[in-house]
Amino acid sequence: MSDFVEIDGSHLEGGGQILRIAITLSAIKKIPVRITNIRGGRNKPGLMEQHLKGIELARDMCSATVKGVNFGSTEVEFSPGDLNGGDFTAKVNTAGSISLLMQVAIPIALFSKSTCTMTLHGGTNVEMAPQIDYTTEVFRPILEKFGGTFDFELIKRGYYPKGGGEVKVTVQPIEILKAVEMTNQGTVREVYGWSFVAGTLPVSMARRMAYSATSFLFKLTRNRRIPIAFWARRLWAIGDEAARIPAKRAALELVKVIQDGACVDDHSQDQIVVLMALAQGRSAVKVCDITMHTKTAIFVVEQMTQVKYDIIPSGSNNIIQCAGS
Ligand SMILES: Nc1ncnc2c1ncn2[C@@H]1O[C@H](COP(=O)(O)OP(=O)(O)OP(=O)(O)O)[C@@H](O)[C@H]1O
């Protein structure tokens, strides 16, 4: 009989997230894992550069023995060793997301025996992944509620298609992650954000995006004071109308979460599933609709551990609950 827990990488969302969660839990809980049909839900299945470098980083962090860790591979075996801490480097040679490398590595680092320092190269602000600013300004405060945190230094931003960004992350080990109760939104006192433009685009476009986002937010939230900082950096906006589209989308996404009374937004939802599983005690978090990424995260955790989640409808929201292991 095989000692490996087998995870079907094509299930539900069928993307790289299944891989990251399986590898993270494997490293922390010392569970050998075999992931098959990797990214079977995507047009081009198999390991892409970002996923490959993420697994290699996790391998180095826990001295794992691995099989099938090469570009395009659709099946990987990962047998973890000890989490000793130390200095690690991962270099994604494309714009593959540094935040997604952090998604694999930070929980592992928190449970290591000594400090982990990671030098990560790749994209800092790319589509379909957390912006580095999201990871540091949205995800990190949530992580802090669980009792973990990280220091970071943003050395250089990197964008599609070249990448070339660099971030240094330092994580101190913790004894335990604490369970959280986030079911009451409280009062939203301030909203802030960053507006960026790309390449040769003028800073004035970043201002227009920020202005559009502010006025949408103002209309939607009625009279709240909403300061938005203007930062000019290289990013992806391409035209004047295009400047309003991401601004409106950002405003609408945020207002939906605020008005629904949820305590985390749709993108943090799936990222906290793993933290809840690793925390000591019973956690409860109020979210909007359960996303496919969240269902997928729950599937992987339940396959690999004894943790069971309850989803309890609460008005137009849901409360995700579980007792961590
Ligand atoms: N705009 C966003 N802000 C914050 N987080 C995001 C955003 N978009 C996506 N994410 C998060 O990024 C992760 C993406 O996982 P997903 O498996 O879809 O992508 P992936 O690893 O790049 O692989 P694939 O190429 O297979 O899609 C999820 O945790 C998701 O919540």
# chains A, B, ... in the order shown; residues from 1 in each chain; ligands from 1
>>> residues_near_ligand(ligand="ligand 1", cutoff="7 Å", atoms="only C-alpha atoms and all ligand atoms", output="NGL selection string")
:A and (13-18 or 39 or 42 or 51 or 100 or 127-131 or 134 or 267-268 or 270-271 or 293)
>>> select_by_dssp(residues="region 205-324 of chain A", states="strand (DSSP E or B)", output="list of chain:residue names")
A:Ala229, A:Phe230, A:Ala279, A:Gln280, A:Arg282, A:Ser283, A:Ala284, A:Val285, A:Lys286, A:Val287, A:Tyr309, A:Asp310, A:Ile311, A:Ile312, A:Pro313, A:Ser314, A:Asn317, A:Asn318, A:Ile319, A:Ile320, A:Gln321, A:Cys322, A:Ala323
>>> residues_around(residues="Ser79 (chain A)", least_positions_apart="4", cutoff="7 Å", atoms="only C-alpha atoms", output="PyMOL selection string")
chain A and resi 32-33+64-66
>>> select_by_dssp(residues="region 11-127 of chain A", states="helix (DSSP H, G or I)", output="PDB file with C-alpha atoms, in the first residue's frame")
ATOM      1  CA  GLY A  16      -2.279  25.725  -9.069  1.00  0.00           C
ATOM      2  CA  GLN A  17      -3.928  26.424  -5.723  1.00  0.00           C
ATOM      3  CA  ILE A  18      -4.574  22.684  -5.124  1.00  0.00           C
ATOM      4  CA  LEU A  19      -0.886  22.071  -5.506  1.00  0.00           C
ATOM      5  CA  ARG A  20       0.150  24.886  -3.169  1.00  0.00           C
ATOM      6  CA  ILE A  21      -2.202  23.838  -0.388  1.00  0.00           C
ATOM      7  CA  ALA A  22      -1.284  20.148  -0.690  1.00  0.00           C
ATOM      8  CA  ILE A  23       2.448  20.931  -0.560  1.00  0.00           C
ATOM      9  CA  THR A  24       2.090  23.387   2.341  1.00  0.00           C
ATOM     10  CA  LEU A  25       0.101  20.927   4.451  1.00  0.00           C
ATOM     11  CA  SER A  26       2.449  18.109   3.487  1.00  0.00           C
ATOM     12  CA  ALA A  27       5.473  20.092   4.702  1.00  0.00           C
ATOM     13  CA  ILE A  28       3.865  21.216   7.979  1.00  0.00           C
ATOM     14  CA  LYS A  29       2.060  18.000   8.887  1.00  0.00           C
ATOM     15  CA  GLU A  49       7.248  28.147 -13.932  1.00  0.00           C
ATOM     16  CA  GLN A  50       5.547  29.694 -10.875  1.00  0.00           C
ATOM     17  CA  HIS A  51       4.225  26.345  -9.593  1.00  0.00           C
ATOM     18  CA  LEU A  52       7.540  24.632 -10.191  1.00  0.00           C
ATOM     19  CA  LYS A  53       9.485  27.273  -8.277  1.00  0.00           C
ATOM     20  CA  GLY A  54       6.933  27.186  -5.467  1.00  0.00           C
ATOM     21  CA  ILE A  55       7.371  23.430  -5.012  1.00  0.00           C
ATOM     22  CA  GLU A  56      11.152  23.745  -5.190  1.00  0.00           C
ATOM     23  CA  LEU A  57      11.046  26.432  -2.515  1.00  0.00           C
ATOM     24  CA  ALA A  58       8.903  24.227  -0.255  1.00  0.00           C
ATOM     25  CA  ARG A  59      11.220  21.283  -0.985  1.00  0.00           C
ATOM     26  CA  ASP A  60      14.235  23.322   0.149  1.00  0.00           C
ATOM     27  CA  MET A  61      12.416  24.549   3.261  1.00  0.00           C
ATOM     28  CA  ILE A  98       5.729  36.271  -5.924  1.00  0.00           C
ATOM     29  CA  SER A  99       2.570  36.436  -3.778  1.00  0.00           C
ATOM     30  CA  LEU A 100       1.743  32.878  -4.800  1.00  0.00           C
ATOM     31  CA  LEU A 101       5.249  31.768  -3.793  1.00  0.00           C
ATOM     32  CA  MET A 102       4.531  33.430  -0.451  1.00  0.00           C
ATOM     33  CA  GLN A 103       1.221  31.556  -0.226  1.00  0.00           C
ATOM     34  CA  VAL A 104       3.159  28.267  -0.159  1.00  0.00           C
ATOM     35  CA  ALA A 105       6.103  29.402   1.898  1.00  0.00           C
ATOM     36  CA  ILE A 106       4.749  31.593   4.707  1.00  0.00           C
ATOM     37  CA  PRO A 107       2.755  28.928   6.582  1.00  0.00           C
ATOM     38  CA  ILE A 108       5.716  26.547   6.246  1.00  0.00           C
ATOM     39  CA  ALA A 109       8.065  29.219   7.591  1.00  0.00           C
ATOM     40  CA  LEU A 110       5.769  29.929  10.559  1.00  0.00           C
TER      41      LEU A 110
END
>>> closest_residue(among="A:Phe111, A:Phe139, A:Tyr192, A:Phe218", to="Asp266 (chain A)", atoms="only C-alpha atoms")
A:Phe139
>>> closest_residue(among="A:Ile35, A:Ile311, A:Val301, A:Leu47", to="Gly324 (chain A)", atoms="only C-alpha atoms")
A:Val301
>>> closest_residue(among="A:Ser314, A:Gly85, A:Ala247, A:Leu220", to="Arg207 (chain A)", atoms="only C-alpha atoms")
A:Ala247
>>> closest_residue(among="A:His11, A:His121, A:Lys91, A:Lys44", to="Leu154 (chain A)", atoms="only C-alpha atoms")
A:His121
>>> residues_around(residues="Leu275 (chain A)", least_positions_apart="6", cutoff="10 Å", atoms="only C-alpha atoms", output="MDAnalysis selection string")
chainID A and resid 107 142:143 146 148 177:180 283 324
>>> closest_residue(among="A:Asn84, A:Thr117, A:Ser195, A:Ser204", to="Gln172 (chain A)", atoms="only C-alpha atoms")
A:Thr117
>>> closest_residue(among="A:Leu278, A:Val285, A:Ala95, A:Met209", to="Ala250 (chain A)", atoms="only C-alpha atoms")
A:Met209
